[in-house]
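Read the structure below first, then the notes.
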Amino acid sequence: MTVLKVAILGFGTVGEGVYRIIQSHADELQKVIGKKVEVAACLVKNKQKARDIHENVLVTDDFEEILGLPQLDIVVEAIVGKEPTFTYLTKAIQRRCHIVTANKEMFAHHGNELLELAKEYHVSVGFEATVAGGIPVIQTLRQLLQVNRISKIQGILNGTSNFILTEMREKKQSFAESLLLAQRNGYAEADPTNDVEGFDAFYKTMILSRIAFGEEPDWLTVEREGITGITSELINAAEKLELRFKHVASVWKEGNRIIGSVKPVLVGKEHPFYHVEGVENAVNVHSDIVGRITLQGPGAGMFPTASAMIEDLVYVSVNQKDKRCFSQYQSQAKEQPDEFWLIHGIKGTVNSQITVIEEPVEGFFVIKAAKKELEHLALQHKAVRYFSILEFEKSLVGQFEINENSSIQTFIHI
Ligand code: HSE
């Protein structure tokens, strides 16, 4: 029986999860791959720390020692940050190892280079765990939606942010308490700023864009906002309207351009994201043949992320080729339609271009307007805050009462 030798770089929550699944699912792995999978080495920061690792496994803090092993087939990487990870993976590919990574920041920056290098050395790169934890969204796009023309992807991509928003709403906990719990559960990044300020979701969105469209939006044009500005007051006001705050990443094609945004928005009961709670992630893929698909599942934590890496270990072992084609189709470049917004921080009637729909809680309005109007309004009124409500039309049960002598419509529930 031939053996497949694996090195695990990083033995934190995710690295340890991969190690444990290789032991617990040894039979399944052997059956699918046709070889026994063995962990040959683990790269750790502190060799002295006690760990439950078999004595035959090389535990080292020196990557060169791992590269020097007589047999090494796959390098599984679960470290944080761009460097030295990118250098390690470059060397691993040059040693003709397949690689599997969970490192979204590194892969968003260097994914193209690694994929090109892997092609040159005839090895494969698995990066399922970089986006949406245990949800197989990358493989769905890479292998299962090869002919569909994708027009838009929208997702809740940061488990920590979704967990915090859910805890704040359901348990009336503070932001700080909820973040602490997310850290204790092993969901948050080493530096949680990446989670709560939207950087983590931004990197994941760029990776998805490359898989879906073959390219990314210009990073500097992507609107990026985290959840640190979402107060209990905002959450409560939204709840009275049966809306929930979700941190949503979007990337879509408009004409020949790719556009992206990562920000808190509101969703109503009919939206597939409304019931995506806690550490769950969800991804909506909009494409021309199949329509909208929603994938949902655990977005962070030891076993969900390790699950994605183990499935990737199989994917690279059987050395499948990526086939997704990126046809040069152009989507319709449309005039931006009016959207629905929850707006706060302004008194009375908004202005003649903006339609006030209802006032659920004093000082909060739902309005219908073009985004540029809101941007203009925010310039005039510094205290104003506004959040897009996705697909709000479907939530409306009632009618509009049109006031005489103005464009203002008041929404009446029936
Ligand atoms: N910190 C990340 C999250 C981990 O909360 O989604 C999974 O990528």
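Simple scheme: letters A, B, ... for chains in structure tokens order, numbers from 1 for residues in each chain, numbers from 1 for ligands in the order shown.
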
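Using only C-alpha atoms and all ligand atoms as the basis for the distance check, residues found within 8 Å of ligand 1 are Ala102, Lys104, Ala129, Thr130, Val131, Ala132, Gly133, Leu157, Asn158, Gly159, Thr160, Ser161, Ala182, Tyr187, Ala188, Glu189, Pro192, Asn194, Asp195, Asp200, Ala201, Val279, Asn281, Gly299, Ala300, Gly301 and Thr305 of chain A.
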
Run DSSP on the backbone of this structure and report the residues of region 34-254 of chain A it assigns to strand (DSSP E or B), as a PyMOL selection string. chain A and resi 36-43+58-60+74-77+98-101+125-126+150-156+223-224+244-254

Can you build me a table of region 264-342 of chain A residues sitting at most 8 Å from region 33-48 of chain A, with the closest atom pair per residue and its distance in Å to one decimal, using only C-alpha atoms, sorted by chain and residue number, as a Markdown table?
```
| residue | atom | partner | partner_atom | distance |
| --- | --- | --- | --- | --- |
| A:Val314 | CA | A:Ile33 | CA | 6.4 |
| A:Ser317 | CA | A:Ile33 | CA | 6.7 |
| A:Val318 | CA | A:Ile33 | CA | 6.8 |
```

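Relative to CA of Thr101 (chain A), CA of Val125 (chain A) is found at 7.8 Å.
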
Skipping near chain neighbours, those fewer than 3 positions away, what residues fall within 9 Å of Tyr19 (chain A) using only C-alpha atoms, listed as JSON, numbers by chain? {"A": [8, 11, 14, 15, 16, 22, 23, 24, 39, 53, 306]}

Could you save those same residues with C-alpha atoms as a JSON list (two decimals), in the first residue's frame?
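After the write, selection13.json holds the following:
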```
[["chain", "number", "residue", "atom", "x", "y", "z"],
["A", 8, "ILE", "CA", 0.49, 20.53, 8.40],
["A", 11, "PHE", "CA", -1.31, 23.76, 14.68],
["A", 14, "VAL", "CA", -7.85, 24.58, 12.19],
["A", 15, "GLY", "CA", -4.49, 22.78, 11.87],
["A", 16, "GLU", "CA", -5.34, 20.59, 14.85],
["A", 22, "ILE", "CA", -6.86, 12.48, 9.26],
["A", 23, "GLN", "CA", -6.81, 10.08, 12.25],
["A", 24, "SER", "CA", -10.59, 9.73, 12.69],
["A", 39, "VAL", "CA", 0.90, 13.14, 8.74],
["A", 53, "ILE", "CA", 0.61, 14.50, 18.26],
["A", 306, "ALA", "CA", -10.95, 21.44, 8.68]]
```

Region 120-256 of chain A: residues DSSP assigns to helix (DSSP H, G or I), reported as an NGL selection string: :A and (120 or 128-130 or 137-144 or 159-170 or 175-184 or 193-196 or 199-213 or 219-221 or 232-240)

Leu266 (chain A) surroundings by only C-alpha atoms, 10 Å radius, close-in-sequence under 4 positions cut, as a ChimeraX atom specification: /A:235,238-239,242-248,271,273-274,340-342,387-392

Which of these residues is nearest to Phe303 (chain A), using only C-alpha atoms: A:Gly186, A:Val123, A:Ala176, A:Gln94? A:Gly186

From A:Leu234, A:Val80, A:Ile211, A:Lys240, residue lying nearest Asp191 (chain A) [only C-alpha atoms]: A:Val80

Neighbours of Arg292 (chain A) within 10 Å (only C-alpha atoms; same-chain residues fewer than 5 positions away dropped), as a ChimeraX atom specification? /A:150,152-153,283-287

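You can rank A:Ala370, A:Val316, A:Val59, A:Ala378 by their closest distance to His344 (chain A) using only C-alpha atoms, and at the top of that list sits A:Ala378.
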
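Counting only C-alpha atoms, Phe63 (chain A) has the following residues at most 10 Å away, ignoring those fewer than 2 positions along the same chain: Ala7, Leu9, Ala41, Cys42, Leu43, Val44, Thr60, Asp61, Glu65, Ile66, Leu67, Gly68, Pro84, Tyr88, Lys91 and Ala92 of chain A.
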
Give me a file of those residues, with all heavy atoms, as an mmCIF file, in the first residue's frame.
```cif
data_model
loop_
_atom_site.group_PDB
_atom_site.id
_atom_site.type_symbol
_atom_site.label_atom_id
_atom_site.label_comp_id
_atom_site.auth_asym_id
_atom_site.auth_seq_id
_atom_site.Cartn_x
_atom_site.Cartn_y
_atom_site.Cartn_z
ATOM 1 N N ALA A 7 2.241 17.334 5.342
ATOM 2 C CA ALA A 7 2.745 18.222 6.401
ATOM 3 C C ALA A 7 1.656 19.230 6.715
ATOM 4 O O ALA A 7 0.980 19.736 5.800
ATOM 5 C CB ALA A 7 4.005 18.935 5.945
ATOM 6 N N LEU A 9 1.049 22.883 8.289
ATOM 7 C CA LEU A 9 1.721 24.111 8.742
ATOM 8 C C LEU A 9 0.749 24.893 9.614
ATOM 9 O O LEU A 9 -0.310 25.309 9.149
ATOM 10 C CB LEU A 9 2.146 24.977 7.555
ATOM 11 C CG LEU A 9 2.889 24.313 6.388
ATOM 12 C CD1 LEU A 9 3.403 25.370 5.413
ATOM 13 C CD2 LEU A 9 4.046 23.449 6.886
ATOM 14 N N ALA A 41 4.682 15.609 9.263
ATOM 15 C CA ALA A 41 5.280 16.709 10.038
ATOM 16 C C ALA A 41 4.257 17.778 10.363
ATOM 17 O O ALA A 41 3.263 17.949 9.637
ATOM 18 C CB ALA A 41 6.416 17.338 9.219
ATOM 19 N N CYS A 42 4.494 18.488 11.451
ATOM 20 C CA CYS A 42 3.678 19.659 11.810
ATOM 21 C C CYS A 42 4.631 20.820 12.071
ATOM 22 O O CYS A 42 5.604 20.667 12.830
ATOM 23 C CB CYS A 42 2.870 19.407 13.071
ATOM 24 S SG CYS A 42 1.604 18.159 12.874
ATOM 25 N N LEU A 43 4.319 21.956 11.473
ATOM 26 C CA LEU A 43 5.106 23.157 11.742
ATOM 27 C C LEU A 43 4.397 23.943 12.836
ATOM 28 O O LEU A 43 3.214 24.292 12.693
ATOM 29 C CB LEU A 43 5.217 24.016 10.473
ATOM 30 C CG LEU A 43 6.074 25.264 10.615
ATOM 31 C CD1 LEU A 43 7.566 24.895 10.641
ATOM 32 C CD2 LEU A 43 5.819 26.242 9.465
ATOM 33 N N VAL A 44 5.101 24.219 13.941
ATOM 34 C CA VAL A 44 4.489 24.925 15.078
ATOM 35 C C VAL A 44 5.367 26.126 15.448
ATOM 36 O O VAL A 44 6.526 26.203 15.029
ATOM 37 C CB VAL A 44 4.362 23.978 16.302
ATOM 38 C CG1 VAL A 44 3.440 22.810 15.997
ATOM 39 C CG2 VAL A 44 5.732 23.471 16.753
ATOM 40 N N THR A 60 8.209 20.563 14.359
ATOM 41 C CA THR A 60 9.346 21.476 14.217
ATOM 42 C C THR A 60 8.871 22.920 14.057
ATOM 43 O O THR A 60 7.732 23.164 13.648
ATOM 44 C CB THR A 60 10.207 21.071 12.990
ATOM 45 O OG1 THR A 60 11.263 22.014 12.824
ATOM 46 C CG2 THR A 60 9.394 21.028 11.697
ATOM 47 N N ASP A 61 9.779 23.857 14.344
ATOM 48 C CA ASP A 61 9.478 25.260 14.054
ATOM 49 C C ASP A 61 10.302 25.739 12.861
ATOM 50 O O ASP A 61 10.380 26.930 12.579
ATOM 51 C CB ASP A 61 9.731 26.140 15.291
ATOM 52 C CG ASP A 61 11.150 25.992 15.829
ATOM 53 O OD1 ASP A 61 11.983 25.329 15.170
ATOM 54 O OD2 ASP A 61 11.434 26.534 16.925
ATOM 55 N N GLU A 65 13.275 22.067 7.568
ATOM 56 C CA GLU A 65 13.345 20.674 8.010
ATOM 57 C C GLU A 65 12.232 19.854 7.335
ATOM 58 O O GLU A 65 12.425 18.700 6.964
ATOM 59 C CB GLU A 65 13.152 20.627 9.532
ATOM 60 C CG GLU A 65 14.357 20.098 10.288
ATOM 61 C CD GLU A 65 14.006 19.805 11.734
ATOM 62 O OE1 GLU A 65 13.727 20.779 12.459
ATOM 63 O OE2 GLU A 65 14.024 18.629 12.116
ATOM 64 N N ILE A 66 11.074 20.491 7.189
ATOM 65 C CA ILE A 66 9.931 19.806 6.547
ATOM 66 C C ILE A 66 10.229 19.609 5.063
ATOM 67 O O ILE A 66 10.014 18.534 4.499
ATOM 68 C CB ILE A 66 8.627 20.610 6.774
ATOM 69 C CG1 ILE A 66 8.274 20.567 8.255
ATOM 70 C CG2 ILE A 66 7.491 20.084 5.903
ATOM 71 C CD1 ILE A 66 7.026 21.312 8.653
ATOM 72 N N LEU A 67 10.761 20.651 4.433
ATOM 73 C CA LEU A 67 11.090 20.548 2.996
ATOM 74 C C LEU A 67 12.138 19.461 2.748
ATOM 75 O O LEU A 67 12.190 18.875 1.672
ATOM 76 C CB LEU A 67 11.644 21.882 2.481
ATOM 77 C CG LEU A 67 10.646 22.950 2.064
ATOM 78 C CD1 LEU A 67 11.398 24.138 1.478
ATOM 79 C CD2 LEU A 67 9.630 22.433 1.059
ATOM 80 N N GLY A 68 12.962 19.207 3.753
ATOM 81 C CA GLY A 68 14.047 18.225 3.609
ATOM 82 C C GLY A 68 13.607 16.780 3.842
ATOM 83 O O GLY A 68 14.419 15.861 3.726
ATOM 84 N N PRO A 84 5.300 34.457 6.701
ATOM 85 C CA PRO A 84 6.089 33.767 5.677
ATOM 86 C C PRO A 84 5.314 32.716 4.879
ATOM 87 O O PRO A 84 5.902 31.957 4.122
ATOM 88 C CB PRO A 84 7.191 33.092 6.498
ATOM 89 C CG PRO A 84 6.540 32.793 7.809
ATOM 90 C CD PRO A 84 5.555 33.893 8.061
ATOM 91 N N TYR A 88 6.590 29.922 2.125
ATOM 92 C CA TYR A 88 6.534 28.477 2.398
ATOM 93 C C TYR A 88 5.820 27.740 1.266
ATOM 94 O O TYR A 88 6.285 26.707 0.778
ATOM 95 C CB TYR A 88 5.765 28.187 3.699
ATOM 96 C CG TYR A 88 6.434 28.620 4.987
ATOM 97 C CD1 TYR A 88 5.701 28.670 6.169
ATOM 98 C CD2 TYR A 88 7.779 28.950 5.038
ATOM 99 C CE1 TYR A 88 6.292 29.047 7.365
ATOM 100 C CE2 TYR A 88 8.375 29.326 6.238
ATOM 101 C CZ TYR A 88 7.622 29.383 7.392
ATOM 102 O OH TYR A 88 8.203 29.756 8.567
ATOM 103 N N LYS A 91 7.769 27.497 -1.964
ATOM 104 C CA LYS A 91 8.818 26.464 -1.880
ATOM 105 C C LYS A 91 8.207 25.067 -1.952
ATOM 106 O O LYS A 91 8.793 24.154 -2.543
ATOM 107 C CB LYS A 91 9.614 26.619 -0.583
ATOM 108 C CG LYS A 91 10.531 27.827 -0.595
ATOM 109 C CD LYS A 91 11.337 27.881 0.681
ATOM 110 C CE LYS A 91 12.347 29.029 0.645
ATOM 111 N NZ LYS A 91 13.114 29.130 1.868
ATOM 112 N N ALA A 92 7.046 24.904 -1.326
ATOM 113 C CA ALA A 92 6.384 23.584 -1.351
ATOM 114 C C ALA A 92 6.002 23.208 -2.779
ATOM 115 O O ALA A 92 6.202 22.063 -3.211
ATOM 116 C CB ALA A 92 5.152 23.611 -0.453
#
```

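Here CA of Lys371 (chain A) and CA of Tyr203 (chain A) stand 24.5 Å from one another.
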
Using Å and a single decimal, report how far CA of His98 (chain A) sits from CA of Ser124 (chain A). 5.1 Å

If we count only C-alpha atoms, what is near region 163-167 of chain A at a cut-off of 7 Å, once residues fewer than 4 positions away on the same chain are taken out, given as an MDAnalysis selection string? chainID A and resid 159 171:173 175 178:179 182 277:279

Would you save the residues from that selection as a PDB file, in the first residue's frame, using all heavy atoms?
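Written file, again-v7.pdb:
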```
ATOM      1  N   GLY A 159     -18.185  34.595   9.769  1.00  0.00           N
ATOM      2  CA  GLY A 159     -18.940  33.938  10.832  1.00  0.00           C
ATOM      3  C   GLY A 159     -18.946  34.761  12.113  1.00  0.00           C
ATOM      4  O   GLY A 159     -19.968  34.850  12.799  1.00  0.00           O
ATOM      5  N   LYS A 171     -29.792  37.931  22.444  1.00  0.00           N
ATOM      6  CA  LYS A 171     -29.523  37.883  23.885  1.00  0.00           C
ATOM      7  C   LYS A 171     -29.321  39.256  24.484  1.00  0.00           C
ATOM      8  O   LYS A 171     -28.997  39.379  25.664  1.00  0.00           O
ATOM      9  CB  LYS A 171     -28.280  37.010  24.135  1.00  0.00           C
ATOM     10  CG  LYS A 171     -28.438  35.624  23.524  1.00  0.00           C
ATOM     11  CD  LYS A 171     -27.446  34.634  24.079  1.00  0.00           C
ATOM     12  CE  LYS A 171     -27.671  33.288  23.423  1.00  0.00           C
ATOM     13  NZ  LYS A 171     -26.420  32.625  23.062  1.00  0.00           N
ATOM     14  N   LYS A 172     -29.485  40.277  23.647  1.00  0.00           N
ATOM     15  CA  LYS A 172     -29.305  41.671  24.090  1.00  0.00           C
ATOM     16  C   LYS A 172     -27.919  41.855  24.720  1.00  0.00           C
ATOM     17  O   LYS A 172     -27.751  42.578  25.714  1.00  0.00           O
ATOM     18  CB  LYS A 172     -30.394  42.106  25.085  1.00  0.00           C
ATOM     19  CG  LYS A 172     -31.820  41.857  24.605  1.00  0.00           C
ATOM     20  CD  LYS A 172     -32.227  42.797  23.495  1.00  0.00           C
ATOM     21  CE  LYS A 172     -33.593  42.450  22.920  1.00  0.00           C
ATOM     22  NZ  LYS A 172     -33.731  42.626  21.497  1.00  0.00           N
ATOM     23  N   GLN A 173     -26.939  41.160  24.190  1.00  0.00           N
ATOM     24  CA  GLN A 173     -25.578  41.298  24.712  1.00  0.00           C
ATOM     25  C   GLN A 173     -24.876  42.472  24.051  1.00  0.00           C
ATOM     26  O   GLN A 173     -25.236  42.869  22.937  1.00  0.00           O
ATOM     27  CB  GLN A 173     -24.791  40.035  24.405  1.00  0.00           C
ATOM     28  CG  GLN A 173     -25.052  38.937  25.406  1.00  0.00           C
ATOM     29  CD  GLN A 173     -24.125  37.756  25.201  1.00  0.00           C
ATOM     30  OE1 GLN A 173     -23.316  37.768  24.294  1.00  0.00           O
ATOM     31  NE2 GLN A 173     -24.254  36.752  26.013  1.00  0.00           N
ATOM     32  N   PHE A 175     -21.698  44.414  22.182  1.00  0.00           N
ATOM     33  CA  PHE A 175     -20.766  44.059  21.111  1.00  0.00           C
ATOM     34  C   PHE A 175     -19.543  43.364  21.709  1.00  0.00           C
ATOM     35  O   PHE A 175     -19.123  42.300  21.233  1.00  0.00           O
ATOM     36  CB  PHE A 175     -20.361  45.348  20.375  1.00  0.00           C
ATOM     37  CG  PHE A 175     -19.431  45.121  19.232  1.00  0.00           C
ATOM     38  CD1 PHE A 175     -19.919  44.925  17.956  1.00  0.00           C
ATOM     39  CD2 PHE A 175     -18.045  45.082  19.430  1.00  0.00           C
ATOM     40  CE1 PHE A 175     -19.060  44.688  16.893  1.00  0.00           C
ATOM     41  CE2 PHE A 175     -17.189  44.852  18.382  1.00  0.00           C
ATOM     42  CZ  PHE A 175     -17.697  44.660  17.110  1.00  0.00           C
ATOM     43  N   SER A 178     -20.161  39.805  22.980  1.00  0.00           N
ATOM     44  CA  SER A 178     -20.394  38.866  21.872  1.00  0.00           C
ATOM     45  C   SER A 178     -19.083  38.540  21.160  1.00  0.00           C
ATOM     46  O   SER A 178     -18.849  37.390  20.772  1.00  0.00           O
ATOM     47  CB  SER A 178     -21.383  39.466  20.866  1.00  0.00           C
ATOM     48  OG  SER A 178     -22.519  39.939  21.532  1.00  0.00           O
ATOM     49  N   LEU A 179     -18.226  39.555  21.004  1.00  0.00           N
ATOM     50  CA  LEU A 179     -16.935  39.316  20.356  1.00  0.00           C
ATOM     51  C   LEU A 179     -16.077  38.353  21.189  1.00  0.00           C
ATOM     52  O   LEU A 179     -15.438  37.435  20.644  1.00  0.00           O
ATOM     53  CB  LEU A 179     -16.191  40.644  20.122  1.00  0.00           C
ATOM     54  CG  LEU A 179     -14.754  40.533  19.617  1.00  0.00           C
ATOM     55  CD1 LEU A 179     -14.678  39.774  18.286  1.00  0.00           C
ATOM     56  CD2 LEU A 179     -14.119  41.909  19.450  1.00  0.00           C
ATOM     57  N   ALA A 182     -17.169  34.906  20.591  1.00  0.00           N
ATOM     58  CA  ALA A 182     -16.734  34.437  19.255  1.00  0.00           C
ATOM     59  C   ALA A 182     -15.263  34.031  19.300  1.00  0.00           C
ATOM     60  O   ALA A 182     -14.860  33.029  18.691  1.00  0.00           O
ATOM     61  CB  ALA A 182     -16.946  35.538  18.216  1.00  0.00           C
ATOM     62  N   GLU A 277     -28.121  32.491  10.958  1.00  0.00           N
ATOM     63  CA  GLU A 277     -27.857  33.042  12.279  1.00  0.00           C
ATOM     64  C   GLU A 277     -26.560  32.484  12.876  1.00  0.00           C
ATOM     65  O   GLU A 277     -26.071  31.427  12.454  1.00  0.00           O
ATOM     66  CB  GLU A 277     -29.017  32.690  13.213  1.00  0.00           C
ATOM     67  CG  GLU A 277     -30.347  33.316  12.795  1.00  0.00           C
ATOM     68  CD  GLU A 277     -30.513  34.730  13.286  1.00  0.00           C
ATOM     69  OE1 GLU A 277     -29.746  35.611  12.848  1.00  0.00           O
ATOM     70  OE2 GLU A 277     -31.407  34.965  14.110  1.00  0.00           O
ATOM     71  N   GLY A 278     -26.058  33.172  13.902  1.00  0.00           N
ATOM     72  CA  GLY A 278     -24.871  32.684  14.607  1.00  0.00           C
ATOM     73  C   GLY A 278     -23.674  32.627  13.680  1.00  0.00           C
ATOM     74  O   GLY A 278     -23.462  33.508  12.847  1.00  0.00           O
ATOM     75  N   VAL A 279     -22.906  31.558  13.797  1.00  0.00           N
ATOM     76  CA  VAL A 279     -21.657  31.461  13.029  1.00  0.00           C
ATOM     77  C   VAL A 279     -21.905  30.967  11.590  1.00  0.00           C
ATOM     78  O   VAL A 279     -20.972  30.838  10.797  1.00  0.00           O
ATOM     79  CB  VAL A 279     -20.647  30.565  13.794  1.00  0.00           C
ATOM     80  CG1 VAL A 279     -21.058  29.102  13.717  1.00  0.00           C
ATOM     81  CG2 VAL A 279     -19.224  30.762  13.297  1.00  0.00           C
TER      82      VAL A 279
END
```
